[in-house]
file query-v9.cif (mmCIF, C-alpha atoms)
data_query
loop_
_atom_site.group_PDB
_atom_site.id
_atom_site.type_symbol
_atom_site.label_atom_id
_atom_site.label_comp_id
_atom_site.auth_asym_id
_atom_site.auth_seq_id
_atom_site.Cartn_x
_atom_site.Cartn_y
_atom_site.Cartn_z
ATOM 1 C CA MET A 89 -27.696 -2.804 -20.959
ATOM 2 C CA LYS A 90 -26.202 -0.281 -23.370
ATOM 3 C CA ARG A 91 -23.438 -1.664 -25.559
ATOM 4 C CA ARG A 92 -20.016 -0.476 -24.472
ATOM 5 C CA PRO A 93 -18.277 1.452 -27.273
ATOM 6 C CA ILE A 94 -15.430 -0.430 -28.918
ATOM 7 C CA ARG A 95 -12.108 1.297 -28.438
ATOM 8 C CA ILE A 96 -9.466 0.976 -31.158
ATOM 9 C CA PRO A 97 -6.203 1.318 -29.240
ATOM 10 C CA ASN A 98 -3.157 3.155 -30.486
ATOM 11 C CA LEU A 99 -0.653 0.301 -30.695
ATOM 12 C CA GLY A 100 2.414 2.386 -31.460
ATOM 13 C CA GLY A 101 4.920 1.897 -28.658
ATOM 14 C CA ALA A 102 2.851 -0.775 -26.904
ATOM 15 C CA GLN A 103 4.825 -3.623 -25.342
ATOM 16 C CA ALA A 104 4.151 -7.237 -26.215
ATOM 17 C CA ILE A 105 5.732 -10.325 -24.718
ATOM 18 C CA ILE A 106 5.752 -13.577 -26.658
ATOM 19 C CA LEU A 107 5.812 -16.442 -24.186
ATOM 20 C CA HIS A 108 6.977 -19.211 -26.492
ATOM 21 C CA ARG A 109 10.068 -21.348 -26.929
ATOM 22 C CA PRO A 110 12.457 -20.128 -29.659
ATOM 23 C CA HIS A 111 10.711 -21.033 -32.909
ATOM 24 C CA ALA A 112 9.834 -19.735 -36.372
ATOM 25 C CA THR A 113 6.421 -18.813 -34.920
ATOM 26 C CA VAL A 114 8.097 -16.295 -32.626
ATOM 27 C CA GLN A 115 10.044 -14.755 -35.500
ATOM 28 C CA ALA A 116 6.974 -14.454 -37.743
ATOM 29 C CA LEU A 117 4.848 -12.983 -34.977
ATOM 30 C CA ALA A 118 7.596 -10.578 -33.900
ATOM 31 C CA ARG A 119 7.864 -9.308 -37.491
ATOM 32 C CA GLN A 120 4.128 -8.592 -37.600
ATOM 33 C CA LEU A 121 4.074 -6.884 -34.222
ATOM 34 C CA THR A 122 7.125 -4.761 -34.973
ATOM 35 C CA ALA A 123 5.574 -3.666 -38.280
ATOM 36 C CA ILE A 124 2.436 -2.591 -36.370
ATOM 37 C CA GLY A 125 4.623 -0.534 -34.030
ATOM 38 C CA LEU A 126 4.874 -2.690 -30.921
ATOM 39 C CA GLN A 127 8.008 -3.319 -28.902
ATOM 40 C CA VAL A 128 8.488 -7.070 -28.646
ATOM 41 C CA THR A 129 10.328 -9.324 -26.211
ATOM 42 C CA GLN A 130 10.376 -13.103 -26.027
ATOM 43 C CA SER A 131 10.332 -15.236 -22.892
ATOM 44 C CA TRP A 132 10.240 -18.932 -22.002
ATOM 45 C CA PRO A 133 9.278 -21.051 -20.067
ATOM 46 C CA ASP A 134 7.484 -18.538 -17.838
ATOM 47 C CA LEU A 135 6.938 -14.848 -17.236
ATOM 48 C CA GLY A 136 8.608 -12.799 -14.559
ATOM 49 C CA PRO A 137 7.134 -9.826 -12.703
ATOM 50 C CA GLU A 138 8.245 -7.565 -15.561
ATOM 51 C CA ALA A 139 5.291 -8.962 -17.522
ATOM 52 C CA LEU A 140 3.017 -6.706 -15.466
ATOM 53 C CA ALA A 141 4.407 -3.740 -17.397
ATOM 54 C CA ALA A 142 3.493 -5.276 -20.765
ATOM 55 C CA ASP A 143 0.400 -4.300 -22.782
ATOM 56 C CA TYR A 144 -0.173 -7.713 -24.410
ATOM 57 C CA ILE A 145 0.914 -11.294 -23.809
ATOM 58 C CA PHE A 146 1.051 -13.906 -26.570
ATOM 59 C CA PHE A 147 1.481 -17.374 -25.083
ATOM 60 C CA ASP A 148 2.025 -20.880 -26.391
ATOM 61 C CA ALA A 149 -1.164 -22.804 -25.658
ATOM 62 C CA ASP A 150 0.354 -26.073 -26.949
ATOM 63 C CA MET A 151 3.100 -26.261 -24.334
ATOM 64 C CA GLY A 152 1.539 -23.992 -21.744
ATOM 65 C CA HIS A 153 1.555 -25.102 -18.132
ATOM 66 C CA ASP A 154 0.097 -24.006 -14.831
ATOM 67 C CA GLY A 155 2.298 -21.519 -13.024
ATOM 68 C CA MET A 156 3.780 -19.901 -16.115
ATOM 69 C CA PHE A 157 2.095 -16.562 -15.325
ATOM 70 C CA PRO A 158 2.872 -14.386 -12.263
ATOM 71 C CA TRP A 159 -0.815 -14.018 -11.313
ATOM 72 C CA GLU A 160 -3.750 -16.159 -10.264
ATOM 73 C CA PRO A 161 -4.979 -18.587 -12.973
ATOM 74 C CA GLY A 162 -7.637 -17.023 -15.149
ATOM 75 C CA GLN A 163 -7.105 -13.502 -13.774
ATOM 76 C CA PRO A 164 -4.653 -11.816 -16.146
ATOM 77 C CA PRO A 165 -4.199 -8.068 -15.615
ATOM 78 C CA ILE A 166 -3.488 -7.548 -19.336
ATOM 79 C CA PRO A 167 -4.928 -8.872 -22.619
ATOM 80 C CA MET A 168 -3.794 -12.429 -23.425
ATOM 81 C CA ILE A 169 -3.621 -14.053 -26.852
ATOM 82 C CA ALA A 170 -3.234 -17.821 -27.158
ATOM 83 C CA LEU A 171 -0.970 -19.203 -29.886
ATOM 84 C CA ILE A 172 -2.719 -22.427 -30.834
ATOM 85 C CA GLY A 173 -1.316 -25.160 -33.045
ATOM 86 C CA SER A 174 -3.095 -28.164 -31.555
ATOM 87 C CA GLU A 175 -6.869 -27.976 -31.435
ATOM 88 C CA ALA A 176 -7.042 -30.742 -28.851
ATOM 89 C CA PRO A 177 -9.944 -29.915 -26.512
ATOM 90 C CA GLY A 178 -7.693 -30.185 -23.447
ATOM 91 C CA ARG A 179 -5.283 -27.565 -24.783
ATOM 92 C CA ILE A 180 -8.070 -25.159 -25.738
ATOM 93 C CA GLU A 181 -9.700 -25.642 -22.339
ATOM 94 C CA TRP A 182 -6.363 -24.917 -20.639
ATOM 95 C CA SER A 183 -5.849 -21.713 -22.656
ATOM 96 C CA LEU A 184 -9.336 -20.498 -21.742
ATOM 97 C CA LYS A 185 -8.748 -21.245 -18.059
ATOM 98 C CA ALA A 186 -5.454 -19.359 -18.324
ATOM 99 C CA GLY A 187 -7.468 -16.331 -19.402
ATOM 100 C CA ALA A 188 -7.063 -16.093 -23.189
ATOM 101 C CA HIS A 189 -8.984 -13.172 -24.671
ATOM 102 C CA ALA A 190 -8.203 -14.057 -28.292
ATOM 103 C CA GLN A 191 -6.287 -16.640 -30.300
ATOM 104 C CA LEU A 192 -3.894 -16.816 -33.211
ATOM 105 C CA LEU A 193 -3.504 -20.076 -35.061
ATOM 106 C CA LYS A 194 -0.080 -21.565 -35.729
ATOM 107 C CA PRO A 195 1.826 -21.608 -37.943
ATOM 108 C CA VAL A 196 1.805 -17.812 -37.832
ATOM 109 C CA GLY A 197 2.177 -16.203 -41.227
ATOM 110 C CA ASP A 198 2.188 -12.576 -42.319
ATOM 111 C CA SER A 199 -1.211 -11.582 -40.954
ATOM 112 C CA GLY A 200 -3.615 -12.094 -38.065
ATOM 113 C CA ALA A 201 -1.758 -10.343 -35.252
ATOM 114 C CA TYR A 202 -3.510 -6.987 -35.647
ATOM 115 C CA SER A 203 -7.038 -8.410 -35.439
ATOM 116 C CA ALA A 204 -5.977 -10.638 -32.517
ATOM 117 C CA LEU A 205 -4.680 -7.560 -30.674
ATOM 118 C CA LEU A 206 -7.924 -5.632 -31.215
ATOM 119 C CA ILE A 207 -10.147 -8.575 -30.260
ATOM 120 C CA ALA A 208 -8.072 -9.297 -27.157
ATOM 121 C CA ARG A 209 -8.173 -5.648 -26.060
ATOM 122 C CA ASP A 210 -11.939 -5.426 -26.523
ATOM 123 C CA ALA A 211 -12.586 -8.723 -24.711
ATOM 124 C CA PHE A 212 -10.267 -7.662 -21.881
ATOM 125 C CA ASP A 213 -11.968 -4.255 -21.550
ATOM 126 C CA ALA A 214 -15.408 -5.902 -21.576
ATOM 127 C CA GLN A 215 -14.311 -8.354 -18.888
ATOM 128 C CA LYS A 216 -12.958 -5.524 -16.721
ATOM 129 C CA ALA A 217 -16.150 -3.481 -17.160
ATOM 130 C CA LEU A 218 -18.295 -6.489 -16.233
ATOM 131 C CA SER A 219 -16.166 -7.250 -13.172
ATOM 132 C CA ALA A 220 -16.431 -3.619 -12.043
ATOM 133 C CA GLU A 221 -20.196 -3.677 -12.561
ATOM 134 C CA ILE A 222 -20.551 -6.900 -10.560
ATOM 135 C CA ALA A 223 -18.388 -5.489 -7.765
ATOM 136 C CA ASP A 224 -20.514 -2.318 -7.713
ATOM 137 C CA LEU A 225 -23.751 -4.328 -7.564
ATOM 138 C CA ARG A 226 -22.376 -6.440 -4.722
ATOM 139 C CA ARG A 227 -21.328 -3.324 -2.836
ATOM 140 C CA ARG A 228 -24.746 -1.739 -3.326
ATOM 141 C CA LEU A 229 -26.474 -4.919 -2.163
ATOM 142 C CA GLU A 230 -24.270 -5.004 0.950
ATOM 143 C CA ASP A 231 -25.038 -1.316 1.540
ATOM 144 C CA ARG A 232 -28.773 -2.002 1.330
ATOM 145 C CA GLN A 233 -28.484 -4.898 3.751
ATOM 146 C CA THR A 234 -26.550 -2.644 6.133
ATOM 147 C CA VAL A 235 -29.254 0.041 5.876
ATOM 148 C CA VAL A 236 -31.944 -2.548 6.679
ATOM 149 C CA ARG A 237 -29.974 -3.722 9.715
ATOM 150 C CA ALA A 238 -29.418 -0.143 10.913
ATOM 151 C CA VAL A 239 -33.107 0.722 10.518
ATOM 152 C CA THR A 240 -34.021 -2.466 12.396
ATOM 153 C CA LEU A 241 -31.681 -1.505 15.243
ATOM 154 C CA LEU A 242 -33.146 2.005 15.437
ATOM 155 C CA ALA A 243 -36.724 0.682 15.211
ATOM 156 C CA ALA A 244 -36.001 -1.645 18.134
ATOM 157 C CA ARG A 245 -36.050 1.489 20.329
ATOM 158 C CA GLY A 246 -39.765 1.842 19.774
ATOM 159 C CA LYS A 247 -39.862 3.695 16.460
ATOM 160 C CA SER A 248 -41.705 2.724 13.329
ATOM 161 C CA ASP A 249 -39.627 1.709 10.286
ATOM 162 C CA ALA A 250 -40.421 5.074 8.670
ATOM 163 C CA GLU A 251 -39.317 6.978 11.767
ATOM 164 C CA ALA A 252 -36.138 4.897 12.058
ATOM 165 C CA TYR A 253 -35.361 5.537 8.398
ATOM 166 C CA ALA A 254 -35.872 9.282 8.903
ATOM 167 C CA GLN A 255 -33.640 9.208 11.994
ATOM 168 C CA LEU A 256 -30.912 7.451 10.021
ATOM 169 C CA ARG A 257 -31.107 10.146 7.362
ATOM 170 C CA GLN A 258 -30.827 12.867 10.031
ATOM 171 C CA MET A 259 -27.789 11.129 11.538
ATOM 172 C CA ALA A 260 -26.075 10.986 8.167
ATOM 173 C CA MET A 261 -26.655 14.700 7.673
ATOM 174 C CA ALA A 262 -25.482 15.522 11.203
ATOM 175 C CA TRP A 263 -22.333 13.438 10.798
ATOM 176 C CA ARG A 264 -21.807 14.760 7.254
ATOM 177 C CA ILE A 265 -21.321 11.300 5.858
ATOM 178 C CA SER A 266 -23.251 9.249 3.340
ATOM 179 C CA PHE A 267 -26.490 7.509 4.260
ATOM 180 C CA GLU A 268 -24.776 4.119 3.799
ATOM 181 C CA ASP A 269 -21.778 5.099 5.934
ATOM 182 C CA ALA A 270 -24.112 6.234 8.706
ATOM 183 C CA ALA A 271 -25.880 2.869 8.543
ATOM 184 C CA ALA A 272 -22.532 1.066 8.716
ATOM 185 C CA ARG A 273 -21.536 3.148 11.752
ATOM 186 C CA ILE A 274 -24.753 2.216 13.552
ATOM 187 C CA VAL A 275 -24.419 -1.465 12.725
ATOM 188 C CA ALA A 276 -20.757 -1.420 13.794
ATOM 189 C CA ALA A 277 -21.834 -0.027 17.153
ATOM 190 C CA GLN A 278 -23.744 -3.303 17.670
ATOM 191 C CA GLY A 279 -27.013 -2.171 19.063
ATOM 192 C CA GLY A 280 -27.499 1.447 18.197
ATOM 193 C CA PRO A 281 -26.022 4.856 17.561
ATOM 194 C CA ASP A 282 -23.356 6.464 19.630
ATOM 195 C CA ASP A 283 -23.739 9.688 21.636
ATOM 196 C CA ARG A 284 -23.196 11.886 18.582
ATOM 197 C CA SER A 285 -26.390 10.537 16.998
ATOM 198 C CA GLU A 286 -28.474 11.592 19.978
ATOM 199 C CA ARG A 287 -27.200 15.133 19.531
ATOM 200 C CA GLY A 288 -27.989 14.950 15.797
#
call {"tool": "encode", "arguments": {"input": "query-v9.cif", "output": "structure tokens"}}
result
Amino acid sequence: MKRRPIRIPNLGGAQAIILHRPHATVQALARQLTAIGLQVTQSWPDLGPEALAADYIFFDADMGHDGMFPWEPGQPPIPMIALIGSEAPGRIEWSLKAGAHAQLLKPVGDSGAYSALLIARDAFDAQKALSAEIADLRRRLEDRQTVVRAVTLLAARGKSDAEAYAQLRQMAMAWRISFEDAAARIVAAQGGPDDRSERG
């Protein structure tokens, strides 16, 4: 598979939420993000629906808990960056299950946020592209299975597979719909085409 090009986002004006209790870490990170050009807000102990409008989420992996995000676990709709102070395996595992795309080690100093933003964006984009590709492959597989079922239904009327396939193609053209949609229509009819197909 061809490597997806890496996109360097324009961060000016982007919105970041820091999901962390009031702490020097928040202040240091906010300084970095503001200097980069992001608009920063802080929240704790969880995110509200307004988080869906954000471009990035930084979250405390040390005190993170299930239910702190307004979406299904592990399915964030925006790039997530874990703020990690404790490298306990359980905490790292939790942050990965929460959907972290990158990490920033605590204590946060004067650098690290920019690279974390870029890595998180790229990982998030790659994850989205892969999910879309998987969904497309599943849809195509389902379409093929539907075509096979439709051809089988048409062949049951005494046609060869080749003749049934050709008939399905003619129906699609007559109905002015895609080949796969024609197959789905035949399968949905449970046993064969409707009257329009006979005229096609």
call {"tool": "resolve_selection", "arguments": {"input": "query-v9.cif", "expression": "the PyMOL selection byres ((chain A and resi 159-161) around 10)", "output": "PyMOL selection string"}}
result
chain A and resi 135+137+140+154-158+162-165+184-187
call {"tool": "residues_around", "arguments": {"input": "query-v9.cif", "residues": "segment 261-272 of chain A", "least_positions_apart": "5", "cutoff": "7 Å", "atoms": "all atoms listed in the file", "output": "MDAnalysis selection string"}}
result
chainID A and resid 231 234:235 238 256 288
call {"tool": "atom_distance", "arguments": {"input": "query-v9.cif", "atom1": "atom CA of Ile96 of chain A", "atom2": "atom CA of Asp210 of chain A"}}
result
8.3 Å
call {"tool": "closest_residue", "arguments": {"input": "query-v9.cif", "among": "A:Val128, A:Met168, A:Leu206, A:Leu242", "to": "Tyr144 of chain A", "atoms": "only C-alpha atoms"}}
result
A:Met168
call {"tool": "atom_distance", "arguments": {"input": "query-v9.cif", "atom1": "atom CA of Gln103 of chain A", "atom2": "atom CA of Ala214 of chain A"}}
result
20.7 Å
call {"tool": "axis_aligned_box", "arguments": {"input": "query-v9.cif", "around": "segment 103-122 of chain A", "padding_each_side": "4 Å", "output": "lines of an AutoDock Vina configuration file"}}
result
center_x = 8.3
center_y = -12.5
center_z = -31.0
size_x = 16.4
size_y = 25.7
size_z = 21.6
call {"tool": "closest_residue", "arguments": {"input": "query-v9.cif", "among": "A:Ala250, A:Ala190, A:Ala223, A:Leu171", "to": "Val114 of chain A", "atoms": "only C-alpha atoms"}}
result
A:Leu171
call {"tool": "closest_residue", "arguments": {"input": "query-v9.cif", "among": "A:Gly200, A:Leu99, A:Arg226, A:Ser174", "to": "Asp143 of chain A", "atoms": "only C-alpha atoms"}}
result
A:Leu99
call {"tool": "resolve_selection", "arguments": {"input": "query-v9.cif", "expression": "the PyMOL selection byres ((chain A and resi 116) around 10)", "output": "PyMOL selection string"}}
result
chain A and resi 111-115+117-121+195-199+201
call {"tool": "closest_residue", "arguments": {"input": "query-v9.cif", "among": "A:Thr122, A:Gln258, A:Thr129, A:Gln191", "to": "Leu205 of chain A", "atoms": "only C-alpha atoms"}}
result
A:Gln191
call {"tool": "atom_distance", "arguments": {"input": "query-v9.cif", "atom1": "atom CA of Ala254 of chain A", "atom2": "atom CA of Val239 of chain A"}}
result
9.1 Å
call {"tool": "decode", "arguments": {"input": "query-v9.cif", "residues": "segment 115-193 of chain A", "atoms": "C-alpha atoms", "output": "tab-separated table (two decimals), in the first residue's frame"}}
result
chain	number	residue	atom	x	y	z
A	115	GLN	CA	0.34	26.24	33.01
A	116	ALA	CA	3.52	25.08	31.28
A	117	LEU	CA	1.62	23.28	28.54
A	118	ALA	CA	-0.76	26.21	28.03
A	119	ARG	CA	2.23	28.54	27.58
A	120	GLN	CA	3.67	26.29	24.87
A	121	LEU	CA	0.37	25.89	23.06
A	122	THR	CA	-0.42	29.59	23.17
A	123	ALA	CA	3.04	30.39	21.78
A	124	ILE	CA	2.36	27.98	18.89
A	125	GLY	CA	-0.90	29.81	18.20
A	126	LEU	CA	-3.53	27.54	19.72
A	127	GLN	CA	-6.50	28.66	21.79
A	128	VAL	CA	-6.39	26.77	25.08
A	129	THR	CA	-9.00	25.87	27.67
A	130	GLN	CA	-8.66	23.68	30.75
A	131	SER	CA	-11.20	21.21	32.08
A	132	TRP	CA	-11.46	18.69	34.92
A	133	PRO	CA	-12.55	16.03	35.86
A	134	ASP	CA	-14.24	15.28	32.53
A	135	LEU	CA	-15.10	16.74	29.16
A	136	GLY	CA	-18.47	18.06	28.13
A	137	PRO	CA	-20.01	17.95	24.66
A	138	GLU	CA	-18.15	21.16	23.80
A	139	ALA	CA	-15.03	19.00	23.47
A	140	LEU	CA	-16.34	17.83	20.10
A	141	ALA	CA	-15.53	21.28	18.71
A	142	ALA	CA	-11.89	21.07	19.83
A	143	ASP	CA	-8.99	20.19	17.51
A	144	TYR	CA	-6.81	18.48	20.14
A	145	ILE	CA	-7.28	16.99	23.60
A	146	PHE	CA	-4.44	16.70	26.12
A	147	PHE	CA	-5.48	14.46	29.01
A	148	ASP	CA	-4.01	13.38	32.32
A	149	ALA	CA	-3.17	9.69	31.97
A	150	ASP	CA	-2.12	9.44	35.64
A	151	MET	CA	-5.54	10.29	37.06
A	152	GLY	CA	-7.62	9.43	34.02
A	153	HIS	CA	-10.76	7.39	34.50
A	154	ASP	CA	-13.36	5.65	32.39
A	155	GLY	CA	-16.21	7.94	31.42
A	156	MET	CA	-14.19	11.15	31.32
A	157	PHE	CA	-14.73	11.52	27.55
A	158	PRO	CA	-18.12	12.11	25.87
A	159	TRP	CA	-17.61	9.27	23.35
A	160	GLU	CA	-17.13	5.52	23.28
A	161	PRO	CA	-13.85	4.33	24.87
A	162	GLY	CA	-11.06	4.15	22.33
A	163	GLN	CA	-13.01	5.99	19.62
A	164	PRO	CA	-12.03	9.65	19.93
A	165	PRO	CA	-13.22	11.90	17.09
A	166	ILE	CA	-10.18	14.17	17.51
A	167	PRO	CA	-6.44	13.68	18.15
A	168	MET	CA	-5.64	12.79	21.78
A	169	ILE	CA	-2.36	13.35	23.60
A	170	ALA	CA	-1.70	11.61	26.92
A	171	LEU	CA	0.10	13.54	29.66
A	172	ILE	CA	2.10	10.82	31.38
A	173	GLY	CA	3.95	11.16	34.66
A	174	SER	CA	3.70	7.58	35.91
A	175	GLU	CA	5.03	4.91	33.58
A	176	ALA	CA	3.13	2.20	35.42
A	177	PRO	CA	2.00	-0.35	32.81
A	178	GLY	CA	-1.62	-0.09	33.96
A	179	ARG	CA	-1.71	3.67	33.37
A	180	ILE	CA	-0.10	3.39	29.94
A	181	GLU	CA	-2.50	0.60	28.99
A	182	TRP	CA	-5.44	2.76	30.12
A	183	SER	CA	-4.25	5.74	28.05
A	184	LEU	CA	-3.90	3.55	24.96
A	185	LYS	CA	-7.38	2.10	25.47
A	186	ALA	CA	-8.68	5.65	25.85
A	187	GLY	CA	-7.34	6.34	22.37
A	188	ALA	CA	-4.08	8.26	22.86
A	189	HIS	CA	-2.40	9.11	19.56
A	190	ALA	CA	0.72	10.60	21.15
A	191	GLN	CA	2.18	11.31	24.58
A	192	LEU	CA	3.93	14.09	26.44
A	193	LEU	CA	5.92	13.25	29.52
